[in-house]
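Student: Supplied structure: start-v2.txt, compact mmCIF, C-alpha atoms and all ligand atoms.
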# COMPACT_ATOMS: atom_id res chain seq x y z
CA MET A 191 314.17 168.75 322.12
CA GLU A 192 315.10 165.39 323.61
CA LYS A 193 311.59 163.96 323.69
CA LEU A 194 311.18 164.47 319.93
CA LYS A 195 314.65 163.11 319.14
CA GLN A 196 313.88 159.98 321.14
CA ARG A 197 310.68 159.37 319.16
CA ILE A 198 312.58 159.85 315.89
CA ARG A 199 315.24 157.35 317.05
CA THR A 200 312.72 154.71 318.01
CA GLU A 201 309.94 155.22 315.44
CA GLY A 202 311.45 157.14 312.50
CA LYS A 203 311.90 155.22 309.27
CA VAL A 204 314.75 156.33 307.06
CA LEU A 205 313.53 155.61 303.53
CA SER A 206 316.69 156.87 301.83
CA ALA A 207 319.50 159.30 302.60
CA ASP A 208 316.94 162.04 301.90
CA ILE A 209 313.58 161.05 303.35
CA LEU A 210 312.60 160.39 306.92
CA LYS A 211 309.14 159.05 307.70
CA VAL A 212 307.59 159.86 311.06
CA ASN A 213 304.08 158.65 310.38
CA SER A 214 303.47 157.14 313.81
CA PHE A 215 303.48 160.46 315.70
CA LEU A 216 303.54 163.40 313.26
CA ASN A 217 302.56 162.82 309.63
CA HIS A 218 299.75 160.26 309.75
CA GLN A 219 298.94 159.33 313.35
CA ILE A 220 299.40 162.29 315.68
CA ASP A 221 300.67 162.12 319.26
CA VAL A 222 298.77 165.13 320.57
CA GLU A 223 300.66 165.24 323.87
CA LEU A 224 304.01 165.34 322.09
CA LEU A 225 302.74 168.03 319.69
CA ASP A 226 301.38 170.06 322.61
CA SER A 227 304.82 170.08 324.20
CA MET A 228 306.47 170.96 320.88
CA GLY A 229 304.02 173.84 320.53
CA ALA A 230 304.84 175.08 324.01
CA GLU A 231 308.56 174.92 323.20
CA PHE A 232 308.15 176.97 319.99
CA ALA A 233 306.02 179.52 321.86
CA ARG A 234 308.72 179.78 324.56
CA ARG A 235 311.54 180.24 322.04
CA PHE A 236 309.68 182.98 320.16
CA SER A 237 308.07 184.61 323.20
CA ASP A 238 310.01 187.86 322.65
CA GLU A 239 308.70 188.40 319.12
CA LYS A 240 305.23 189.94 319.66
CA ILE A 241 303.73 187.51 317.17
CA THR A 242 300.28 188.31 315.79
CA ARG A 243 299.74 185.26 313.54
CA VAL A 244 301.09 181.78 313.01
CA LEU A 245 301.37 180.61 309.39
CA THR A 246 301.82 177.04 308.18
CA ILE A 247 301.11 174.95 305.10
CA GLU A 248 298.49 172.25 304.81
CA SER A 249 298.28 169.54 305.85
CA SER A 250 300.98 168.26 308.21
CA GLY A 251 301.96 171.71 309.44
CA ILE A 252 298.52 172.38 310.90
CA ALA A 253 298.74 169.95 313.80
CA ILE A 254 302.11 171.38 314.88
CA ALA A 255 301.09 175.02 314.43
CA TYR A 256 297.83 174.63 316.36
CA PRO A 257 299.34 174.31 319.85
CA VAL A 258 301.78 177.14 319.06
CA ALA A 259 298.94 179.49 318.13
CA ARG A 260 296.97 178.41 321.18
CA GLU A 261 299.93 179.14 323.49
CA LEU A 262 300.54 182.51 321.82
CA LYS A 263 296.80 183.28 321.73
CA VAL A 264 296.90 184.35 318.08
CA PRO A 265 295.13 183.06 314.94
CA LEU A 266 296.57 180.16 313.00
CA VAL A 267 296.50 180.57 309.21
CA PHE A 268 297.37 177.73 306.85
CA ALA A 269 298.41 178.20 303.24
CA LYS A 270 296.33 176.08 300.89
CA LYS A 271 297.94 173.99 298.19
CA THR A 272 296.31 174.41 294.80
CA LYS A 273 297.00 173.24 291.27
CA SER A 274 295.57 176.28 289.54
CA LYS A 275 296.67 179.88 289.69
CA ASN A 276 294.15 182.15 291.35
CA LEU A 277 293.44 185.10 289.12
CA ASP A 278 290.92 187.17 291.07
CA GLY A 279 293.54 188.95 293.18
CA ALA A 280 292.01 187.93 296.51
CA VAL A 281 294.97 185.83 297.57
CA TYR A 282 298.72 186.00 297.96
CA SER A 283 300.36 183.05 296.25
CA ALA A 284 303.75 181.44 295.72
CA VAL A 285 305.12 178.49 293.77
CA VAL A 286 306.76 175.83 295.92
CA HIS A 287 308.83 172.91 294.71
CA SER A 288 307.77 169.82 296.64
CA PHE A 289 310.73 168.02 298.18
CA THR A 290 308.90 164.73 298.55
CA ARG A 291 307.01 164.68 295.23
CA GLY A 292 309.50 166.50 293.01
CA THR A 293 306.81 168.68 291.40
CA ASP A 294 305.81 172.33 291.76
CA TYR A 295 302.57 173.43 293.35
CA ASP A 296 300.98 176.76 294.21
CA VAL A 297 300.23 177.82 297.76
CA GLU A 298 297.84 180.61 298.53
CA VAL A 299 296.65 182.63 301.50
CA SER A 300 293.61 184.90 301.43
CA LYS A 301 294.42 188.60 301.72
CA ASP A 302 291.91 188.65 304.60
CA PHE A 303 294.18 186.62 306.86
CA ILE A 304 297.58 188.33 306.69
CA LYS A 305 297.63 192.09 306.98
CA PRO A 306 300.30 194.80 306.74
CA GLY A 307 301.97 195.15 310.12
CA ASP A 308 301.36 191.53 311.16
CA ARG A 309 304.27 189.78 312.84
CA VAL A 310 304.11 186.25 311.53
CA LEU A 311 305.76 183.07 312.80
CA ILE A 312 306.05 180.23 310.25
CA ILE A 313 305.75 176.67 311.54
CA ASP A 314 306.43 173.51 309.51
CA ASP A 315 307.17 169.84 310.06
CA PHE A 316 310.36 169.44 308.01
CA LEU A 317 313.05 171.69 306.57
CA ALA A 318 315.01 170.30 303.62
CA ASN A 319 315.89 172.65 300.75
CA GLY A 320 313.88 175.52 302.15
CA ALA A 321 311.36 175.91 299.31
CA ALA A 322 308.30 175.77 301.57
CA LEU A 323 309.77 178.39 303.94
CA GLU A 324 310.76 180.64 301.04
CA GLY A 325 307.26 180.42 299.55
CA LEU A 326 305.58 181.25 302.85
CA SER A 327 307.99 184.05 303.61
CA SER A 328 307.38 185.61 300.16
CA ILE A 329 303.63 185.58 300.92
CA ILE A 330 304.29 187.36 304.22
CA SER A 331 306.39 190.00 302.44
CA ALA A 332 303.74 190.46 299.73
CA ALA A 333 301.23 191.19 302.49
CA GLY A 334 303.45 193.91 303.94
CA ALA A 335 303.86 191.85 307.11
CA VAL A 336 307.02 190.81 308.94
CA CYS A 337 308.29 187.23 309.18
CA VAL A 338 309.75 186.92 312.69
CA GLY A 339 311.19 183.49 311.91
CA ALA A 340 310.37 179.85 311.49
CA GLY A 341 309.83 177.01 313.94
CA ILE A 342 310.66 173.62 312.43
CA ALA A 343 310.05 170.24 314.02
CA ILE A 344 312.73 168.33 312.10
CA GLU A 345 315.48 170.03 310.12
CA LYS A 346 317.62 167.83 307.90
CA GLY A 347 321.02 169.44 308.31
CA SER A 348 322.57 167.66 305.34
CA GLN A 349 320.15 169.47 303.03
CA PRO A 350 320.91 173.12 302.35
CA GLY A 351 317.71 175.01 303.31
CA GLY A 352 318.59 175.80 306.92
CA LYS A 353 322.03 177.16 306.11
CA LEU A 354 320.82 179.19 303.11
CA LEU A 355 317.90 180.79 304.91
CA ARG A 356 319.91 181.57 308.07
CA GLU A 357 322.52 183.24 305.86
CA LYS A 358 319.70 185.36 304.42
CA GLY A 359 318.85 186.43 307.98
CA MET A 360 315.86 184.24 308.79
CA ARG A 361 315.65 183.15 312.42
CA ILE A 362 315.07 179.38 312.36
CA GLU A 363 314.47 177.35 315.51
CA SER A 364 314.48 173.59 314.91
CA LEU A 365 313.53 171.14 317.65
CA ALA A 366 315.65 168.36 316.14
CA ILE A 367 318.41 168.74 313.56
CA VAL A 368 319.34 165.54 311.75
CA GLU A 369 323.07 165.54 311.02
CA SER A 370 323.02 162.41 308.89
CA MET A 371 320.80 159.43 308.26
CA SER A 372 320.75 156.18 306.31
CA PRO A 373 318.50 153.13 306.25
CA GLU A 374 321.37 151.04 307.68
CA GLU A 375 322.72 153.38 310.39
CA GLY A 376 319.54 155.23 311.36
CA VAL A 377 319.57 158.86 312.42
CA THR A 378 322.34 160.96 314.00
CA PHE A 379 321.46 164.37 315.48
CA ARG A 380 323.44 167.59 315.56
CA ASN A 381 324.16 168.80 319.09
P1 LIG B 401 311.70 171.98 301.65
O1 LIG B 401 310.65 172.85 301.08
O2 LIG B 401 312.45 172.61 302.80
O3 LIG B 401 312.64 171.42 300.60
O4 LIG B 401 310.95 170.69 302.23
C1 LIG B 401 310.08 170.85 303.31
C2 LIG B 401 308.73 170.26 303.02
O5 LIG B 401 308.87 168.99 302.37
C3 LIG B 401 307.98 170.03 304.32
O6 LIG B 401 306.81 170.84 304.28
C4 LIG B 401 307.64 168.56 304.32
O7 LIG B 401 306.26 168.39 304.12
C5 LIG B 401 308.37 167.94 303.17
N1 LIG B 401 309.54 167.13 303.58
C6 LIG B 401 310.85 167.41 303.32
N2 LIG B 401 311.64 166.43 303.76
C7 LIG B 401 310.84 165.50 304.31
C8 LIG B 401 311.09 164.23 304.93
O8 LIG B 401 312.22 163.74 305.07
N3 LIG B 401 310.00 163.56 305.40
C9 LIG B 401 308.73 164.05 305.27
N4 LIG B 401 307.74 163.31 305.78
N5 LIG B 401 308.46 165.24 304.68
C10 LIG B 401 309.50 165.95 304.20
Would you mind writing the file out in structure tokens?
Ligand code: 5GP
Tutor:
Amino acid sequence: MEKLKQRIRTEGKVLSADILKVNSFLNHQIDVELLDSMGAEFARRFSDEKITRVLTIESSGIAIAYPVARELKVPLVFAKKTKSKNLDGAVYSAVVHSFTRGTDYDVEVSKDFIKPGDRVLIIDDFLANGAALEGLSSIISAAGAVCVGAGIAIEKGSQPGGKLLREKGMRIESLAIVESMSPEEGVTFRN
């Protein structure tokens, strides 16, 4: 999506070969018009999938997933990050290794909000090693629902998550795929 790539070129800050900061429009301040058009684009790409719920992870995913769910006219569910394991059986949970913090955390979704037979679209801001997508997709499976795929704003193509998950059969639609990046050279996109 050219509009998103342009914003990454002009406003993205490459902190290292691994981390891209897009705080001015996505992760801290939000450009709601840009996110509305990203949401419309995800909804268009997945329009054939008969989606019944959109699932993301708090907090940055919510703003991107909101316009998608609105376009598709389905509920938006966000997985909550917790430090403690929930033991009362009312939630589905998964352990996710945080790419940016380097630690593990639990994510959980109430059993009330994903049901067997649901067709769930995952939305997230970044794709790096794929841990967040794997955690969310395991929650969808545990619920007896179907993951129709994942919509990602920015995929970092030099990190292995996209390739690994596509090889496992997950449909992943990324609006911008970063081929390479460095603080000196900036960002190059995959065509
Ligand atoms: P993964 O689980 O695929 O390794 O990493 C994806 C998650 O880590 C996303 O939910 C996102 O919050 C975070 N993340 C990964 N890479 C970046 C990055 O370059 N910049 C930012 N801001 N977040 C990232």
Student: Please return, as a list in words, all polymer residues that have at least one atom within 9 Å of the point (315.0, 154.7, 305.5); use only C-alpha atoms and the file's own coordinate frame.
Tutor: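 Within the cut-off we find Gly202, Lys203, Val204, Leu205, Ser206, Ala207, Asp208, Ile209, Leu210, Lys211, Met371, Ser372, Pro373, Glu374 and Gly376 of chain A.
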Student: Please check which residues have atoms at most 10 Å from (298.1, 168.1, 311.9) in the file's coordinates, counting only C-alpha atoms, and write them as a ChimeraX atom specification.
Tutor: /A:216-222,225,248-256,315
Student: Taking only C-alpha atoms and all ligand atoms into account, which residues have an atom no farther than 6 Å from ligand LIG 401 (chain B)? I'd like them as a list in words.
Tutor: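 With only C-alpha atoms and all ligand atoms and a cut-off of 6 Å, ligand LIG 401 (chain B) is contacted by Asp208, Ile209, Leu210, Lys211, Ser288, Phe289, Thr290, Asp314, Asp315, Phe316, Leu317, Ala318, Asn319, Gly320, Ala321, Ala322 and Gly351 of chain A.
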Student: Taking C-alpha atoms for each residue, export the selection above as a tab-separated table (two decimals), keeping the file's coordinate frame.
Tutor:
chain	number	residue	atom	x	y	z
A	208	ASP	CA	316.94	162.04	301.90
A	209	ILE	CA	313.58	161.05	303.35
A	210	LEU	CA	312.60	160.39	306.92
A	211	LYS	CA	309.14	159.05	307.70
A	288	SER	CA	307.77	169.82	296.64
A	289	PHE	CA	310.73	168.02	298.18
A	290	THR	CA	308.90	164.73	298.55
A	314	ASP	CA	306.43	173.51	309.51
A	315	ASP	CA	307.17	169.84	310.06
A	316	PHE	CA	310.36	169.44	308.01
A	317	LEU	CA	313.05	171.69	306.57
A	318	ALA	CA	315.01	170.30	303.62
A	319	ASN	CA	315.89	172.65	300.75
A	320	GLY	CA	313.88	175.52	302.15
A	321	ALA	CA	311.36	175.91	299.31
A	322	ALA	CA	308.30	175.77	301.57
A	351	GLY	CA	317.71	175.01	303.31
Student: Considering all atoms listed in the file, state which residue in the set A:Thr246, A:Val264, A:Gly229, A:Lys273 is at the smallest distance from A:Tyr295.
Tutor: A:Lys273
Student: Please identify all polymer residues within 10 Å of A:Glu298, counting all atoms listed in the file, omitting same-chain residues fewer than 5 positions from it, and present them as a PDB file with C-alpha atoms, in the coordinates of the input.
Tutor:
ATOM      1  CA  ILE A 247     301.110 174.950 305.100  1.00  0.00           C
ATOM      2  CA  PHE A 268     297.370 177.730 306.850  1.00  0.00           C
ATOM      3  CA  ALA A 269     298.410 178.200 303.240  1.00  0.00           C
ATOM      4  CA  LYS A 270     296.330 176.080 300.890  1.00  0.00           C
ATOM      5  CA  LYS A 271     297.940 173.990 298.190  1.00  0.00           C
ATOM      6  CA  THR A 272     296.310 174.410 294.800  1.00  0.00           C
ATOM      7  CA  LYS A 275     296.670 179.880 289.690  1.00  0.00           C
ATOM      8  CA  ASN A 276     294.150 182.150 291.350  1.00  0.00           C
ATOM      9  CA  ALA A 280     292.010 187.930 296.510  1.00  0.00           C
ATOM     10  CA  VAL A 281     294.970 185.830 297.570  1.00  0.00           C
ATOM     11  CA  TYR A 282     298.720 186.000 297.960  1.00  0.00           C
ATOM     12  CA  SER A 283     300.360 183.050 296.250  1.00  0.00           C
ATOM     13  CA  ALA A 284     303.750 181.440 295.720  1.00  0.00           C
ATOM     14  CA  VAL A 285     305.120 178.490 293.770  1.00  0.00           C
ATOM     15  CA  GLY A 325     307.260 180.420 299.550  1.00  0.00           C
ATOM     16  CA  LEU A 326     305.580 181.250 302.850  1.00  0.00           C
ATOM     17  CA  ILE A 329     303.630 185.580 300.920  1.00  0.00           C
TER      18      ILE A 329
END
Student: Work out how far apart atom CA of A:Ile344 and atom CA of A:Ser328 are and give it in Å to one decimal.
Tutor: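 Computed distance, atom CA of A:Ile344 to atom CA of A:Ser328, equals 21.7 Å.
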Student: Using only C-alpha atoms, pick whichever of A:Glu369, A:Asp308, A:Glu231, A:Glu239 has the shortest atom-to-atom distance to A:Gly339.
Tutor: A:Glu239
Student: Given the choices A:Met228, A:Val297, A:Ala233, A:Leu323, which gets closest to A:Ala259 if the distance is worked out from all atoms listed in the file?
Tutor: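 Between A:Met228, A:Val297, A:Ala233, A:Leu323, the residue approaching A:Ala259 most closely is A:Ala233.
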Student: Neighbouring residues of A:Lys193 were defined as those with any atom within 12 Å, considering all atoms listed in the file; residues of the same chain fewer than 2 positions away were excluded. Please report them as a PyMOL selection string.
Tutor: chain A and resi 191+195-200+215+221+223-228+231+343+365-366
Student: With distances taken over only C-alpha atoms, which residue among A:Gly352, A:Pro306, A:Pro265, A:Gly347 lies nearest A:Ile241?
Tutor: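 The closest residue to A:Ile241 is A:Pro265.
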Student: Given all atoms listed in the file as the basis, pick out the residue of A:Arg291, A:Ala230, A:Thr242, A:Asp278 nearest to A:Pro257.
Tutor: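 For A:Pro257, the nearest of the given residues is A:Ala230.
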Student: Between A:Ser327, A:Ser370, A:Asn213, A:Ser300, which one has atoms that come closest to A:Glu345, using only C-alpha atoms?
Tutor: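 Smallest separation from A:Glu345 among the options: A:Ser370.
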Student: Report as a list in words all protein, DNA and RNA residues lying within 6 Å of A:Val368, evaluated on only C-alpha atoms, omitting residues in the same chain fewer than 5 positions from it.
Tutor: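 My list of contacting residues is Lys346, Gly347, Thr378, Phe379 and Arg380 of chain A.
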Student: Please indicate the distance in Å from atom CA of A:Lys263 to atom CA of A:Val244, rounded to one decimal place.
Tutor: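 One can read the atom CA of A:Lys263 to atom CA of A:Val244 distance as 9.8 Å.
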Student: State, in Å with one decimal place, the distance from atom CA of A:Arg243 to atom CA of A:Ile342.
Tutor: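 Going from atom CA of A:Arg243 over to atom CA of A:Ile342 covers 16.0 Å.
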